[in-house]
Each structure stands twice: as C-alpha cells, then as structure tokens.
$ cat my_file-v7.cif   # mmCIF, C-alpha atoms
data_query
#
loop_
_atom_site.label_atom_id
_atom_site.label_comp_id
_atom_site.auth_asym_id
_atom_site.auth_seq_id
_atom_site.Cartn_x
_atom_site.Cartn_y
_atom_site.Cartn_z
CA MET A 246 38.03 186.63 65.88
CA LEU A 247 40.20 184.40 63.71
CA TRP A 248 39.67 180.64 63.39
CA ARG A 249 41.56 178.02 61.40
CA VAL A 250 39.12 175.57 59.86
CA ARG A 251 39.83 172.33 58.02
CA ALA A 252 37.19 170.51 56.04
CA GLY A 253 36.94 167.87 53.35
CA LEU A 254 35.19 169.01 50.20
CA ALA A 255 34.19 167.18 47.04
CA ASP A 256 36.75 167.64 44.27
CA ARG A 257 34.35 169.24 41.79
CA PRO A 258 33.84 172.70 40.31
CA GLY A 259 31.90 175.01 42.58
CA ALA A 260 32.42 173.16 45.89
CA LEU A 261 34.62 175.87 47.35
CA ALA A 262 32.35 178.57 45.89
CA GLU A 263 29.37 177.09 47.76
CA LEU A 264 31.32 177.25 51.01
CA ALA A 265 32.41 180.82 50.27
CA ALA A 266 28.81 181.84 49.56
CA ALA A 267 27.61 180.28 52.82
CA CYS A 268 30.31 182.13 54.74
CA GLY A 269 29.37 185.40 53.04
CA ARG A 270 25.70 185.02 53.97
CA ALA A 271 26.69 184.37 57.59
CA GLY A 272 29.00 187.38 57.78
CA VAL A 273 32.11 185.20 57.96
CA ASN A 274 35.11 186.44 55.98
CA ILE A 275 37.56 183.99 54.34
CA VAL A 276 41.02 185.46 54.92
CA THR A 277 43.32 182.71 53.62
CA VAL A 278 42.86 179.38 51.82
CA GLN A 279 45.09 176.33 51.35
CA VAL A 280 44.00 173.34 49.30
CA PHE A 281 45.38 169.82 49.84
CA PRO A 282 44.32 167.37 47.05
CA GLU A 283 43.54 163.81 48.19
CA GLY A 284 42.34 161.65 45.33
CA THR A 285 38.64 162.29 44.67
CA SER A 286 38.36 164.86 47.45
CA VAL A 287 40.32 167.79 48.78
CA THR A 288 41.05 169.12 52.23
CA ASP A 289 40.64 172.85 52.47
CA GLU A 290 42.27 174.85 55.24
CA LEU A 291 40.79 178.30 55.74
CA VAL A 292 41.49 181.10 58.16
CA LEU A 293 38.13 182.74 58.84
CA GLN A 294 37.28 186.03 60.45
CA VAL A 295 34.22 185.24 62.52
CA PRO A 296 31.87 187.41 64.62
CA PRO A 297 33.21 187.43 68.21
CA GLU A 298 30.11 185.79 69.69
CA TRP A 299 30.39 182.68 67.49
CA THR A 300 31.28 179.33 69.03
CA ARG A 301 33.22 176.41 67.57
CA ASP A 302 29.98 174.43 67.18
CA GLN A 303 28.35 177.23 65.17
CA LEU A 304 31.34 177.47 62.87
CA GLN A 305 31.55 173.73 62.32
CA GLU A 306 27.80 173.58 61.62
CA LEU A 307 28.12 176.35 59.02
CA VAL A 308 30.90 174.56 57.14
CA THR A 309 29.16 171.19 57.38
CA ARG A 310 25.91 172.58 55.93
CA ALA A 311 27.94 173.99 53.04
CA GLY A 312 29.22 170.53 52.12
CA GLY A 313 32.23 170.13 54.41
CA SER A 314 33.10 166.85 56.11
CA ALA A 315 35.41 165.98 59.03
CA VAL A 316 35.34 169.65 60.00
CA SER A 317 37.76 170.90 62.66
CA ALA A 318 38.13 174.44 63.97
CA ALA A 319 40.57 176.13 66.31
CA PRO A 320 41.06 179.79 67.28
CA VAL A 321 44.31 181.33 66.02
CA THR A 322 46.20 184.59 66.19
CA THR A 323 47.24 186.88 63.36
CA ALA A 324 50.36 184.69 62.97
CA ALA A 325 48.09 182.35 60.99
CA LEU A 326 47.93 185.00 58.27
CA GLU A 327 51.61 184.61 57.40
CA ASP A 328 52.31 183.61 53.83
CA GLN A 329 52.85 179.83 53.78
CA PRO A 330 55.86 179.74 51.40
CA THR A 331 57.48 182.43 53.56
CA ARG A 332 56.92 180.30 56.67
CA TYR A 333 58.66 177.34 55.02
CA VAL A 334 61.60 179.45 53.88
CA ARG A 335 62.05 180.79 57.42
CA ALA A 336 61.80 177.27 58.81
CA VAL A 337 64.50 176.06 56.41
CA ARG A 338 66.78 178.91 57.47
CA GLU A 339 66.27 178.03 61.15
CA ILE A 340 67.02 174.37 60.49
CA ILE A 341 70.19 175.13 58.52
CA ALA A 342 71.41 177.45 61.29
CA GLN A 343 70.60 174.94 64.04
CA PRO A 344 69.66 171.42 62.89
CA ALA A 345 68.94 170.36 66.49
CA SER A 346 65.95 172.72 66.46
CA PHE A 347 64.22 170.59 63.81
CA PRO A 348 61.63 168.98 66.17
CA ASP A 349 60.51 172.34 67.50
CA VAL A 350 60.56 174.06 64.10
CA ALA A 351 58.57 171.24 62.47
CA ALA A 352 56.00 171.23 65.27
CA HIS A 353 55.49 174.98 64.93
CA LEU A 354 55.35 174.81 61.15
CA PHE A 355 52.59 172.19 61.15
CA ASP A 356 50.68 173.59 64.16
CA ALA A 357 51.52 170.41 66.05
CA ASP A 358 53.27 169.30 69.23
CA VAL A 359 56.19 167.02 70.01
CA ALA A 360 54.51 165.38 73.01
CA PRO A 361 51.42 163.12 73.14
CA SER A 362 48.26 164.76 74.44
CA THR A 363 45.01 162.80 74.17
CA GLY A 364 46.43 159.53 72.85
CA ALA A 365 44.21 159.84 69.76
CA ASP A 366 46.47 162.30 67.95
CA ASP A 367 47.54 161.82 64.37
CA VAL A 368 51.30 161.19 64.26
CA LEU A 369 53.70 162.43 61.62
CA GLU A 370 57.02 160.58 61.77
CA MET A 371 60.19 161.88 60.13
CA VAL A 372 63.49 160.00 59.93
CA VAL A 373 66.75 161.94 59.76
CA GLY A 374 69.91 160.29 58.51
CA GLY A 375 68.28 156.85 58.46
CA SER A 376 68.29 156.52 62.26
CA ALA A 377 67.05 159.56 64.20
CA THR A 378 63.26 159.49 64.42
CA ILE A 379 61.25 162.62 65.16
CA GLN A 380 57.52 162.55 65.81
CA ILE A 381 55.07 165.42 65.88
CA ARG A 382 51.36 165.04 66.51
CA ARG A 383 48.08 166.91 66.56
CA ASP A 384 44.34 166.27 66.70
CA THR A 385 43.74 167.28 63.07
CA PRO A 386 44.96 164.59 60.64
CA PHE A 387 48.01 165.44 58.53
CA THR A 388 47.36 165.55 54.81
CA PRO A 389 49.51 163.66 52.27
CA THR A 390 50.82 167.03 51.07
CA GLU A 391 51.94 167.95 54.59
CA ARG A 392 53.59 164.57 55.05
CA ALA A 393 55.51 165.04 51.79
CA ARG A 394 56.65 168.49 52.95
CA ALA A 395 57.76 167.09 56.31
CA HIS A 396 59.79 164.30 54.69
CA ALA A 397 61.46 166.85 52.41
CA LEU A 398 62.44 168.89 55.48
CA ALA A 399 63.81 165.75 57.15
CA GLU A 400 65.94 165.07 54.07
CA LEU A 401 67.26 168.62 54.29
CA VAL A 402 68.22 168.12 57.94
CA GLY A 403 70.03 164.92 57.01
CA GLU A 404 71.98 166.69 54.29
CA VAL A 405 72.93 169.53 56.64
CA LEU A 406 74.00 167.08 59.33
CA ASP A 407 76.13 165.15 56.85
CA THR A 408 78.43 168.18 56.80
CA GLN A 409 78.56 168.28 60.60
CA VAL A 410 78.82 164.63 61.65
CA PRO A 411 81.88 164.14 63.86
CA PRO A 412 84.36 161.51 62.77
CA ALA A 413 83.48 158.01 63.88
CA PRO A 414 85.67 156.49 66.60
CA HIS A 415 88.96 155.33 65.14
CA GLN A 416 91.94 153.31 66.29
CA PRO A 417 93.94 155.08 69.00
CA GLY A 418 97.06 156.86 67.88
CA ALA A 419 99.47 159.44 69.20
CA GLY A 420 97.57 162.14 71.03
CA ASP A 421 94.24 160.27 71.00
CA PRO A 422 92.43 159.84 74.33
CA GLU A 423 92.12 156.48 76.03
CA PHE A 424 88.58 155.36 76.81
CA VAL A 425 88.14 153.61 80.14
CA THR A 426 84.91 152.06 81.40
CA THR A 427 84.51 151.70 85.16
CA GLY A 428 81.05 150.54 86.21
CA GLU A 429 78.56 153.22 85.17
CA VAL A 430 81.22 155.66 84.01
CA VAL A 431 83.15 155.94 80.74
CA SER A 432 86.06 158.38 80.75
CA ALA A 433 88.17 159.75 77.91
CA LEU A 434 91.67 160.33 79.26
CA ALA A 435 94.30 162.35 77.41
CA GLY A 436 97.66 163.13 78.92
CA GLY A 437 96.40 162.27 82.39
CA LYS A 438 93.48 164.70 82.06
CA VAL A 439 89.80 164.00 81.48
CA ALA A 440 88.81 164.99 77.95
CA GLY A 441 85.28 163.72 78.31
CA ARG A 442 83.00 161.68 80.52
CA ALA A 443 79.73 159.77 80.20
CA GLU A 444 77.75 158.14 82.99
CA TYR A 445 74.48 156.25 83.12
CA ALA A 446 72.12 155.92 86.07
CA ARG A 447 69.69 153.09 86.69
CA ALA A 448 65.97 153.79 86.37
CA GLU A 449 62.98 152.01 87.83
CA GLY A 450 60.67 149.83 85.80
CA ASP A 451 60.58 150.36 82.05
CA ALA A 452 61.81 153.96 82.23
CA PRO A 453 64.87 154.79 80.10
CA TRP A 454 68.15 155.06 81.96
CA PRO A 455 69.42 158.67 82.02
CA VAL A 456 72.87 159.39 80.62
CA ASP A 457 75.02 162.40 81.44
CA LEU A 458 77.70 163.18 78.85
CA TRP A 459 80.31 165.91 78.76
CA VAL A 460 83.23 166.65 76.41
CA ASP A 461 85.95 169.25 76.96
CA PRO A 462 85.49 172.01 74.33
CA ALA A 463 89.10 171.46 73.24
CA TRP A 464 88.09 167.97 72.09
CA HIS A 465 84.89 168.88 70.24
CA ARG A 466 84.41 167.52 66.71
CA ARG A 467 87.08 164.86 67.16
CA GLY A 468 84.79 161.86 67.72
CA VAL A 469 85.15 161.86 71.52
CA GLY A 470 81.44 162.36 72.22
CA THR A 471 80.51 159.73 69.66
CA ARG A 472 82.81 157.16 71.26
CA LEU A 473 81.64 158.06 74.79
CA LEU A 474 78.00 157.68 73.79
CA ALA A 475 78.63 154.33 72.10
CA ASP A 476 80.62 152.97 75.05
CA VAL A 477 78.21 154.15 77.75
CA ALA A 478 75.30 152.71 75.76
CA ARG A 479 77.01 149.32 75.63
CA ALA A 480 77.80 149.49 79.33
CA ALA A 481 74.18 150.32 80.15
CA ARG A 482 72.94 147.49 77.95
CA SER A 483 75.27 145.04 79.69
CA ALA A 484 73.81 146.21 83.01
CA GLY A 485 70.27 145.48 81.84
CA ALA A 486 69.06 148.71 80.22
CA GLU A 487 66.80 148.50 77.18
CA GLU A 488 66.73 152.23 76.51
CA ILE A 489 68.75 155.28 77.53
CA VAL A 490 67.87 158.95 77.45
CA LEU A 491 70.31 161.77 76.82
CA THR A 492 69.30 165.35 77.66
CA ALA A 493 71.14 168.47 76.53
CA PRO A 494 70.43 172.20 76.20
CA SER A 495 68.28 172.90 73.14
CA ASP A 496 71.02 175.02 71.57
CA THR A 497 73.51 172.14 71.60
CA LYS A 498 74.35 171.57 67.95
CA ALA A 499 76.41 168.38 68.33
CA VAL A 500 73.79 166.00 69.71
CA LEU A 501 72.11 164.94 66.48
CA PRO A 502 75.39 164.52 64.56
CA MET A 503 76.79 162.54 67.49
CA VAL A 504 73.84 160.14 67.59
CA LEU A 505 73.98 159.62 63.84
CA ALA A 506 77.74 159.01 63.86
CA ALA A 507 77.35 156.41 66.63
CA GLY A 508 74.97 154.45 64.40
CA MET A 509 72.12 154.56 66.89
CA ARG A 510 68.38 154.83 66.44
CA GLY A 511 67.04 157.64 68.56
CA ARG A 512 63.75 159.47 69.09
CA ILE A 513 64.33 163.19 69.29
CA ARG A 514 62.22 165.65 71.25
CA MET A 515 62.76 169.33 71.90
CA ALA A 516 60.74 170.95 74.67
CA GLY A 517 61.51 174.42 75.93
CA GLU A 518 65.21 174.69 76.61
CA SER A 519 65.93 170.95 76.52
CA LEU A 520 66.71 168.51 73.73
CA THR A 521 65.99 164.89 74.64
CA VAL A 522 67.19 161.81 72.76
CA ARG A 523 65.80 158.40 73.68
CA ILE A 524 67.91 155.57 72.27
CA ALA A 525 66.81 151.93 72.10
CA LEU A 526 69.64 149.53 72.92
CA THR A 527 68.13 146.34 71.56
CA ASP A 528 69.62 146.81 68.09
CA LEU A 529 72.81 148.56 69.20
CA ARG A 530 75.88 147.57 67.20
CA ARG A 531 78.31 145.51 69.23
#
$ encode --input "my_file-v7.cif" --output "structure tokens"
Amino acid sequence: MLWRVRAGLADRPGALAELAAACGRAGVNIVTVQVFPEGTSVTDELVLQVPPEWTRDQLQELVTRAGGSAVSAAPVTTAALEDQPTRYVRAVREIIAQPASFPDVAAHLFDADVAPSTGADDVLEMVVGGSATIQIRRDTPFTPTERARAHALAELVGEVLDTQVPPAPHQPGAGDPEFVTTGEVVSALAGGKVAGRAEYARAEGDAPWPVDLWVDPAWHRRGVGTRLLADVARAARSAGAEEIVLTAPSDTKAVLPMVLAAGMRGRIRMAGESLTVRIALTDLRR
C-alpha cells in the first residue's frame, strides 16, 4: 500500500539517511522523495510502500522515532508516483488552454481542495490579475516552496488572461448596444434585439445575491459581458447587496477575463462542472 508522508527533519547530514535506515529495518520502501528547505530544518515528503496491514498510527510512529516532527500520512494511489516536474508542466498546459480551470488544477497539483473542510485547514491564497482571489486548502501545511510555486502559477494565469481580457466598456457609438437597467435586470439592446442580459435575485441574511448573466455569442469579446456585470453589480449594491455570486459552467473561458476587466475583486471556486465567482460590492468602483 502506498502512503504519502510529510515530516520535518533537522537540516544536517545524515538525517534523511537515519529515516531511510529505519524504514528499511521495518520493511517500508521509500519510493519517491521531495525536500522543501525551511531555514534550519527541512520538510521531507515521501511516498512509501508499506505492508498492507500497517495503520496510519504505526507509520507516523516509525517516522517520529527516526527523528521526524509534525508527521502527517495519507494513503495515495499510483498517481502519486508521477514525476513532479512533469506534473507542473501538464498543469501549466491545462491552465494555458483553459485559464478558468486554474482553481481546480491548482487544488489537484497541491493535493488540496477548493472548499473548507474542518475549519483548521492551512490556506494558500493566490491573486490573479491583482483582483481575482483563489484559495485552496488542506490539512497538511503548505511549505514556502509550494507557496512560491503557487504564486508563480498565478502570475502565469494573469499573463495568459491579459491576452484574453475583453475590452472595457466604452462610450456608445454606432452599432454599440444600449444598456438599460430596470429593477433587478440589466439588458443590452442592439437594433431592438437583446444582445445580453444580467439579473440579480435577493438572498436571505448574509448570503451573496445570485446573478444570472447571458451574452449572445455574436457579441462575445466586445465588452458586453463586462458592462452587464458592472451594471448589475451596481444595481444590486443600490438595492442593499454586499456580495453577489456568479455561477457558470466550468468550461466557460470568459468569466475570469470579464471579472478582471470590470475591475472587481472576486473569489473564484471551481467544483465539478461549475465555476463560481463571489464578488464583494463594498469596494466596487462607482
């Protein structure tokens, strides 16, 4: 059975050798090793092949006796044996092909989740384009090396999105749609036809107000969605909302660029087939 184990070890010659010797005596095989330096200590991540009858407590006791501290262990599949640089290259390719997949890709890459679980998770926060915030979390603390890698990935997403950001709303001209706000609904009208529509709905208590937004494919990448999102956000704020939530299919590529172009601060989450953006309205530009 395969287990992923993390442990702090003293940063001195022979520390890892002592752990390897203890594993060898116990019939535990070290399959892969990653080392994360942290000042006067290091965090070692090992994938171990362990006798099937072993429990987590036995494994943690073995590593602790060999000099490990803050030991964590979790069963894994053979996917844990993938070469780490290869995993990062594949992740970069996925992000370039579909920047909106970044939350899910990052969570998978760091063996984390995008949703809170116990409330005591360690949180890794990444900011894309200066405004879109993505959080992933897990029980095992993130190392400084992992945080640096995550921030580098976030910078990559920002650079990719810079080439995809729709034009910001501009002054109306010939052929541009007219944006009309009526209560909860903002419509983009062009030639008497609806080119796009956004609508908010009230929510109870402190829950974010849901927003439904649609743009005719013929008007994609012309700033219509950006303007609709900005106008419906202002309308919701005027009605008393402090936060809105926009949900779209996970393969929608325009959501992140649209949020960034509107100058909003949003928290991005991808779960299953849905991409969710929660946007605080307190600092919304007027």
$ residues_around --input "my_file-v7.cif" --residues "range 255-266 of chain A" --least-positions-apart "3" --cutoff "12 Å" --atoms "all atoms listed in the file" --output "ChimeraX atom specification"
/A:250,252,269-291,293,304-314
$ closest_residue --input "my_file-v7.cif" --among "A:Asp451, A:Glu423, A:Ala478, A:Gly375" --to "Glu400 in chain A" --atoms "only C-alpha atoms"
A:Gly375
$ closest_residue --input "my_file-v7.cif" --among "A:Arg338, A:Glu404, A:Arg249, A:Arg447" --to "Asp356 in chain A" --atoms "only C-alpha atoms"
A:Arg249
$ resolve_selection --input "my_file-v7.cif" --expression "the PyMOL selection byres ((chain A and resi 477) around 9)" --output "list in words"
Thr426, Glu429, Val430, Val431, Ala443, Glu444, Tyr445, Val456, Arg472, Leu473, Leu474, Ala475, Asp476, Ala478, Arg479, Ala480, Ala481 and Arg482 of chain A
$ residues_around --input "my_file-v7.cif" --residues "Leu505 in chain A" --least-positions-apart "3" --cutoff "12 Å" --atoms "only C-alpha atoms" --output "count of residues only"
35
$ atom_distance --input "my_file-v7.cif" --atom1 "CA of Met503 in chain A" --atom2 "CA of Arg523 in chain A"
13.3 Å
$ atom_distance --input "my_file-v7.cif" --atom1 "CA of Asp384 in chain A" --atom2 "CA of Pro494 in chain A"
28.4 Å
$ atom_distance --input "my_file-v7.cif" --atom1 "CA of Leu401 in chain A" --atom2 "CA of Trp464 in chain A"
27.4 Å
$ residues_around --input "my_file-v7.cif" --residues "Glu449 in chain A" --least-positions-apart "6" --cutoff "12 Å" --atoms "only C-alpha atoms" --output "PDB file with C-alpha atoms, in the frame of the given file"
ATOM      1  CA  PRO A 455      69.420 158.670  82.020  1.00  0.00           C
ATOM      2  CA  GLY A 485      70.270 145.480  81.840  1.00  0.00           C
ATOM      3  CA  ALA A 486      69.060 148.710  80.220  1.00  0.00           C
ATOM      4  CA  GLU A 487      66.800 148.500  77.180  1.00  0.00           C
ATOM      5  CA  GLU A 488      66.730 152.230  76.510  1.00  0.00           C
TER       6      GLU A 488
END
$ closest_residue --input "my_file-v7.cif" --among "A:Ala345, A:Val469, A:Ala351, A:Met246" --to "Ala493 in chain A" --atoms "all atoms listed in the file"
A:Ala345
$ residues_near_point --input "my_file-v7.cif" --point "(68.8, 175.8, 65.8)" --cutoff "12 Å" --atoms "all atoms listed in the file" --output "JSON, numbers by chain"
{"A": [335, 336, 337, 338, 339, 340, 341, 342, 343, 344, 345, 346, 347, 348, 349, 350, 351, 402, 405, 494, 495, 496, 497, 498, 499, 500, 501, 515, 518, 520]}
$ decode --input "my_file-v7.cif" --residues "range 256-300 of chain A" --atoms "C-alpha atoms" --output "compact mmCIF listing (two decimals), in the first residue's frame"
# COMPACT_ATOMS: atom_id res chain seq x y z
CA ASP A 256 18.81 20.16 8.33
CA ARG A 257 22.00 18.21 8.98
CA PRO A 258 23.96 15.48 7.21
CA GLY A 259 22.58 12.02 7.84
CA ALA A 260 19.06 13.00 8.98
CA LEU A 261 17.38 11.56 5.90
CA ALA A 262 19.71 8.54 5.99
CA GLU A 263 18.55 7.73 9.53
CA LEU A 264 14.93 7.82 8.37
CA ALA A 265 15.76 5.65 5.36
CA ALA A 266 17.52 3.12 7.59
CA ALA A 267 14.54 2.96 9.96
CA CYS A 268 12.20 2.40 7.03
CA GLY A 269 14.45 -0.35 5.68
CA ARG A 270 14.50 -2.19 9.02
CA ALA A 271 10.70 -2.02 9.15
CA GLY A 272 10.25 -3.33 5.62
CA VAL A 273 9.00 0.03 4.35
CA ASN A 274 10.23 1.06 0.91
CA ILE A 275 10.86 4.74 0.05
CA VAL A 276 9.55 5.20 -3.50
CA THR A 277 9.85 8.98 -4.02
CA VAL A 278 11.32 11.89 -2.05
CA GLN A 279 10.82 15.66 -2.21
CA VAL A 280 12.72 18.04 0.03
CA PHE A 281 11.42 21.51 0.98
CA PRO A 282 14.09 23.64 2.79
CA GLU A 283 12.80 25.87 5.60
CA GLY A 284 15.60 27.71 7.34
CA THR A 285 17.30 25.42 9.88
CA SER A 286 15.01 22.49 9.09
CA VAL A 287 13.56 20.79 6.06
CA THR A 288 10.22 19.24 5.27
CA ASP A 289 10.52 15.91 3.54
CA GLU A 290 7.67 14.45 1.52
CA LEU A 291 7.99 10.74 0.86
CA VAL A 292 5.81 8.22 -0.90
CA LEU A 293 6.26 4.97 1.00
CA GLN A 294 5.33 1.43 0.08
CA VAL A 295 4.07 -0.02 3.35
CA PRO A 296 2.94 -3.54 4.35
CA PRO A 297 -0.85 -3.73 3.83
CA GLU A 298 -1.62 -4.36 7.50
CA TRP A 299 0.04 -1.14 8.68
CA THR A 300 -2.06 1.68 10.08
